[in-house]
Every structure is written in structure tokens, then in C-alpha cells.
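File shown: coords18.cif. Contents: mmCIF, C-alpha atoms.
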```cif
data_data
loop_
_atom_site.label_atom_id
_atom_site.label_comp_id
_atom_site.auth_asym_id
_atom_site.auth_seq_id
_atom_site.Cartn_x
_atom_site.Cartn_y
_atom_site.Cartn_z
CA MET C 1 58.59 -83.17 -13.32
CA GLU C 2 59.18 -81.35 -10.05
CA GLN C 3 56.87 -78.52 -9.08
CA ILE C 4 57.50 -75.70 -6.65
CA LYS C 5 54.57 -74.00 -5.00
CA LEU C 6 55.08 -70.34 -4.11
CA THR C 7 52.86 -68.78 -1.48
CA SER C 8 52.65 -65.14 -0.49
CA VAL C 9 51.09 -64.05 2.76
CA LEU C 10 50.12 -60.49 3.57
CA SER C 11 48.00 -58.94 6.27
CA VAL C 12 44.71 -57.15 5.66
CA LEU C 13 44.32 -54.27 8.11
CA HIS C 14 41.83 -51.54 8.85
CA TRP C 15 42.60 -47.95 9.81
CA ALA C 16 42.09 -48.54 13.56
CA GLU C 17 44.75 -51.29 13.52
CA LEU C 18 47.52 -49.04 12.17
CA THR C 19 50.27 -47.39 14.17
CA GLU C 20 50.40 -43.60 14.21
CA GLU C 21 53.56 -43.78 12.07
CA ALA C 22 51.79 -45.91 9.45
CA ARG C 23 48.78 -43.55 9.42
CA LYS C 24 51.03 -40.54 8.83
CA THR C 25 52.82 -42.31 6.00
CA ILE C 26 49.54 -43.29 4.34
CA GLU C 27 48.18 -39.75 4.74
CA ALA C 28 51.34 -38.40 3.08
CA ALA C 29 50.82 -40.85 0.18
CA LYS C 30 47.18 -39.80 -0.17
CA GLU C 31 48.16 -36.13 -0.19
CA ALA C 32 50.88 -36.80 -2.77
CA SER C 33 48.29 -38.36 -5.10
CA TYR C 34 46.64 -34.94 -5.51
CA ARG C 35 49.88 -33.64 -7.04
CA ALA C 36 50.17 -36.43 -9.63
CA TYR C 37 50.35 -35.57 -13.31
CA ALA C 38 47.91 -38.04 -14.86
CA PRO C 39 46.09 -36.33 -17.77
CA TYR C 40 45.99 -39.52 -19.88
CA SER C 41 44.93 -42.23 -17.44
CA ASN C 42 43.13 -40.06 -14.86
CA PHE C 43 44.59 -42.49 -12.31
CA TRP C 44 46.36 -40.51 -9.61
CA VAL C 45 48.79 -42.44 -7.44
CA GLY C 46 50.73 -41.11 -4.47
CA SER C 47 53.50 -42.74 -2.53
CA ALA C 48 55.36 -41.84 0.63
CA VAL C 49 58.52 -43.28 2.09
CA LEU C 50 59.43 -42.85 5.72
CA LEU C 51 63.19 -42.97 6.20
CA GLU C 52 64.88 -44.45 9.24
CA ASP C 53 65.67 -40.96 10.57
CA GLY C 54 61.98 -39.94 10.41
CA THR C 55 62.19 -37.94 7.17
CA MET C 56 59.14 -38.30 4.90
CA VAL C 57 59.64 -38.19 1.12
CA THR C 58 56.71 -38.33 -1.28
CA GLY C 59 56.25 -39.04 -4.95
CA ASN C 60 53.44 -39.44 -7.45
CA ASN C 61 52.93 -40.76 -10.93
CA GLN C 62 54.12 -38.54 -13.73
CA GLU C 63 52.65 -39.39 -17.14
CA ASN C 64 53.90 -38.45 -20.57
CA ALA C 65 52.19 -38.39 -23.97
CA ALA C 66 55.11 -40.46 -25.27
CA SER C 67 54.11 -43.45 -23.15
CA PRO C 68 55.79 -45.29 -21.43
CA ASN C 69 58.10 -42.39 -20.59
CA GLY C 70 56.24 -41.61 -17.38
CA LEU C 71 57.21 -42.76 -13.91
CA CYS C 72 55.22 -44.46 -11.17
CA ALA C 73 54.66 -42.91 -7.74
CA GLU C 74 56.68 -45.56 -5.91
CA ARG C 75 59.81 -45.09 -8.01
CA THR C 76 59.46 -41.30 -7.90
CA ALA C 77 59.46 -41.42 -4.08
CA VAL C 78 62.24 -44.02 -3.76
CA PHE C 79 64.51 -42.31 -6.28
CA SER C 80 63.94 -38.93 -4.62
CA ALA C 81 64.74 -40.38 -1.21
CA ASN C 82 67.89 -42.09 -2.49
CA SER C 83 68.99 -38.90 -4.25
CA LEU C 84 68.33 -36.50 -1.37
CA TYR C 85 69.25 -38.84 1.53
CA PRO C 86 71.65 -41.44 0.08
CA GLY C 87 72.69 -42.83 3.46
CA GLN C 88 69.18 -43.34 4.83
CA SER C 89 67.34 -46.63 4.46
CA ILE C 90 63.61 -46.75 3.85
CA LYS C 91 61.67 -47.90 6.88
CA MET C 92 58.16 -47.71 5.46
CA LEU C 93 56.41 -47.13 2.13
CA ALA C 94 52.74 -46.35 1.53
CA VAL C 95 50.80 -46.22 -1.74
CA ALA C 96 47.35 -44.72 -2.35
CA ALA C 97 45.47 -44.35 -5.65
CA GLN C 98 42.43 -42.37 -6.66
CA THR C 99 40.37 -41.82 -9.76
CA GLY C 100 37.50 -39.42 -10.28
CA GLY C 101 38.35 -37.75 -6.97
CA GLU C 102 37.71 -40.94 -4.97
CA PHE C 103 40.30 -43.21 -3.42
CA LEU C 104 40.05 -46.82 -4.54
CA LYS C 105 38.20 -49.25 -2.27
CA GLU C 106 40.78 -51.96 -2.97
CA PRO C 107 44.51 -51.33 -2.54
CA VAL C 108 46.60 -50.89 -5.67
CA THR C 109 49.83 -52.91 -5.83
CA PRO C 110 53.18 -51.80 -7.26
CA CYS C 111 53.99 -52.69 -10.86
CA GLY C 112 56.89 -55.01 -11.66
CA ALA C 113 59.41 -52.21 -12.20
CA CYS C 114 58.50 -50.65 -8.84
CA ARG C 115 58.77 -54.03 -7.12
CA GLN C 116 62.26 -54.46 -8.56
CA THR C 117 63.24 -50.96 -7.38
CA LEU C 118 61.99 -51.70 -3.86
CA LEU C 119 63.93 -54.98 -3.85
CA GLU C 120 67.10 -53.12 -4.82
CA SER C 121 66.57 -50.64 -2.00
CA GLU C 122 66.11 -53.47 0.50
CA LYS C 123 69.25 -55.22 -0.72
CA ARG C 124 71.21 -51.93 -0.74
CA PHE C 125 70.54 -51.27 2.94
CA GLY C 126 70.03 -54.83 4.14
CA LYS C 127 66.60 -54.01 5.61
CA GLU C 128 63.10 -55.07 4.70
CA ILE C 129 60.66 -52.26 4.01
CA GLU C 130 57.25 -52.16 5.72
CA ILE C 131 54.75 -51.69 2.89
CA TYR C 132 51.21 -50.34 3.26
CA LEU C 133 48.91 -50.43 0.24
CA TYR C 134 45.88 -48.25 0.97
CA GLY C 135 42.28 -48.85 0.01
CA THR C 136 39.26 -47.27 1.67
CA GLU C 137 37.86 -50.68 2.64
CA LYS C 138 41.12 -52.40 3.55
CA ILE C 139 44.84 -51.87 3.72
CA TYR C 140 47.37 -54.50 2.70
CA TYR C 141 50.45 -54.75 4.89
CA LEU C 142 53.57 -56.70 4.10
CA LYS C 143 57.07 -56.71 5.47
CA GLY C 144 59.54 -56.93 2.61
CA ILE C 145 58.92 -56.78 -1.12
CA GLU C 146 59.78 -60.44 -1.73
CA THR C 147 56.18 -61.25 -0.73
CA LEU C 148 55.14 -59.57 -4.00
CA LEU C 149 58.25 -60.56 -5.95
CA PRO C 150 59.10 -64.22 -5.40
CA LEU C 151 62.01 -65.71 -7.36
CA SER C 152 63.39 -62.21 -7.69
CA PHE C 153 66.41 -61.13 -9.73
CA CYS C 154 68.96 -59.25 -7.64
CA SER C 155 72.69 -58.74 -7.18
CA ASP C 156 72.99 -62.21 -5.64
CA THR C 157 71.91 -63.63 -9.00
CA LEU C 158 74.89 -61.96 -10.67
CA SER C 159 77.41 -63.79 -8.44
CA VAL C 160 79.29 -66.67 -10.01
#
```

Could you write out this structure as C-alpha cells?
Amino acid sequence: MEQIKLTSVLSVLHWAELTEEARKTIEAAKEASYRAYAPYSNFWVGSAVLLEDGTMVTGNNQENAASPNGLCAERTAVFSANSLYPGQSIKMLAVAAQTGGEFLKEPVTPCGACRQTLLESEKRFGKEIEIYLYGTEKIYYLKGIETLLPLSFCSDTLSV
């Protein structure tokens, strides 16, 4: 039997190591978390995408009593950006989560559906997205979603 070992590498950063652009994107994600609708989980997530032209678009999780009909913060932001600015690629995405009025110490990572959506956006525009996952004690940084989604399913898979 052959085995394949998959390895993902991401950077762990602290606030002082971030660019001003990354800080602004993370701050926008944190601010967006306060506008989340999370009466069931009490887990407020905000996301911000910085488009190539400098436009910032935010999103947050939107829950629904008829679970799983809600939508995650990342997809809310990406879908809004694609709807409002269809010709603009996403340069950067930030995610921040809080509960009980406190931001999490450890970064929260996108769910599988959000990872797939980010992959589609990267493939659509042919550009990797810089991703910042915020925690008060550390920030994960990765360039391109494939770090979190190895062996991904995309349009290339559909080619025969």
C-alpha cells in the first residue's frame, strides 16, 4: 500500500508583526462580529475581505432556528463582495470570533463549506487569498486556502 503524507504549514504571528493593511482588515472583522446574529450559539464571528482595489467588505454569522439554515461569516463576506464587486478579486480575508463579549485566545478556522467557497474564489480570479485568523494570543497567517483544504475538489476535478 502506498501512503501519501500531507503537510500544512502556516505562520503564527503577533499583532506587532502585522502590516497596517492586515491590522485594518482584522479590525474590520472584529467590528463585524458585534453585528452577528447568534442567539442560539452565542458564538459571534466576523469576517472582512479586502478587495484588490482597497474596498473592504464585511460579513458575520447569521443563525436561524431552523438549523442549519444560517450562514457563516466568511461566506457572508465573500458572497457580498462577489455580488457587489463581481470583477474584484479578494486580496485578504480576516476572521475573528468572540463569545461572552471576549474574543477567543486561539484563532478560529473556517468550516469546510467556507474553505470550499474561498477555494472557488481563488480559482475564479487566479489569485491566492492572504488569510488572517485572529486570536488574542496569536494570529494564524496563510497564503492560499489550499493549506487548510488539501486534496480539494474544484473545477479542475470536473475536467475529463

Q: Would you write out, as a ChimeraX atom specification, every residue that the PyMOL selection byres ((chain C and resi 37) around 10) captures in this file?
A: /C:33-36,38-45,60-64,70-71

Q | For Phe103 in chain C, the nearest of the candidates C:Ala29, C:Val78, C:Val9, C:Val49, counting only C-alpha atoms | A | C:Ala29

Q. Which residue, C:Leu119, C:Leu149, C:Met92, C:Ala48, has the smallest gap to Glu74 in chain C when you use all atoms listed in the file?
A. C:Ala48

Q) If the PyMOL selection byres ((chain C and resi 57) around 9) is run on the structure shown, which residues does it catch, given as a PyMOL selection string? A) chain C and resi 28+47-51+55-56+58-59+77-78+80-81

Q: Could you please determine the separation between CA of Tyr141 in chain C and CA of Val12 in chain C in Å, to one decimal place?
A: 6.3 Å

Residues within 10 Å of (51.2, -52.0, -7.7), file coords, all atoms listed in the file, listed as a short mmCIF file (atom, residue, chain, number, x, y, z; two decimals) with C-alpha atoms, keeping the file's coordinate frame:
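Writing done, so here's selection.cif:
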```cif
data_model
loop_
_atom_site.label_atom_id
_atom_site.label_comp_id
_atom_site.auth_asym_id
_atom_site.auth_seq_id
_atom_site.Cartn_x
_atom_site.Cartn_y
_atom_site.Cartn_z
CA VAL C 45 48.79 -42.44 -7.44
CA CYS C 72 55.22 -44.46 -11.17
CA ALA C 73 54.66 -42.91 -7.74
CA GLU C 74 56.68 -45.56 -5.91
CA VAL C 95 50.80 -46.22 -1.74
CA ALA C 96 47.35 -44.72 -2.35
CA ALA C 97 45.47 -44.35 -5.65
CA PRO C 107 44.51 -51.33 -2.54
CA VAL C 108 46.60 -50.89 -5.67
CA THR C 109 49.83 -52.91 -5.83
CA PRO C 110 53.18 -51.80 -7.26
CA CYS C 111 53.99 -52.69 -10.86
CA GLY C 112 56.89 -55.01 -11.66
CA ALA C 113 59.41 -52.21 -12.20
CA CYS C 114 58.50 -50.65 -8.84
CA ARG C 115 58.77 -54.03 -7.12
CA LEU C 133 48.91 -50.43 0.24
CA LEU C 148 55.14 -59.57 -4.00
#
```

Q: For the structure shown, which residues end up in the PyMOL selection byres ((chain C and resi 105) around 9)? Put them as a PyMOL selection string, please?
A: chain C and resi 102-104+106-107+134-138

So which residues are close to (58.9, -58.9, 4.6), meaning at most 10 Å away in the file's coordinates with all atoms listed in the file counted, and can you show them as a tab-separated table (two decimals) with C-alpha atoms, in the coordinates of the input?
```
chain	number	residue	atom	x	y	z
C	9	VAL	CA	51.09	-64.05	2.76
C	10	LEU	CA	50.12	-60.49	3.57
C	122	GLU	CA	66.11	-53.47	0.50
C	127	LYS	CA	66.60	-54.01	5.61
C	128	GLU	CA	63.10	-55.07	4.70
C	129	ILE	CA	60.66	-52.26	4.01
C	130	GLU	CA	57.25	-52.16	5.72
C	131	ILE	CA	54.75	-51.69	2.89
C	141	TYR	CA	50.45	-54.75	4.89
C	142	LEU	CA	53.57	-56.70	4.10
C	143	LYS	CA	57.07	-56.71	5.47
C	144	GLY	CA	59.54	-56.93	2.61
C	145	ILE	CA	58.92	-56.78	-1.12
C	146	GLU	CA	59.78	-60.44	-1.73
C	147	THR	CA	56.18	-61.25	-0.73
C	148	LEU	CA	55.14	-59.57	-4.00
```

Q) Mind pulling up the distance from CA of Gln88 in chain C to CA of Leu118 in chain C? A) 14.0 Å

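The interatomic distance for the pair CA of Pro86 in chain C and CA of Tyr140 in chain C works out to 27.7 Å.
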
(Q) Could you check the closest approach to Leu151 in chain C for each of C:Gln116, C:Ile26, C:Glu31, C:Glu20 and tell me which residue wins, using all atoms listed in the file? (A) C:Gln116

Q: Compare C:Glu52, C:Ser159, C:Gly46, C:Ser152 by their minimum atom-to-atom distance to Thr76 in chain C, counting all atoms listed in the file, and give me the closest one.
A: C:Gly46
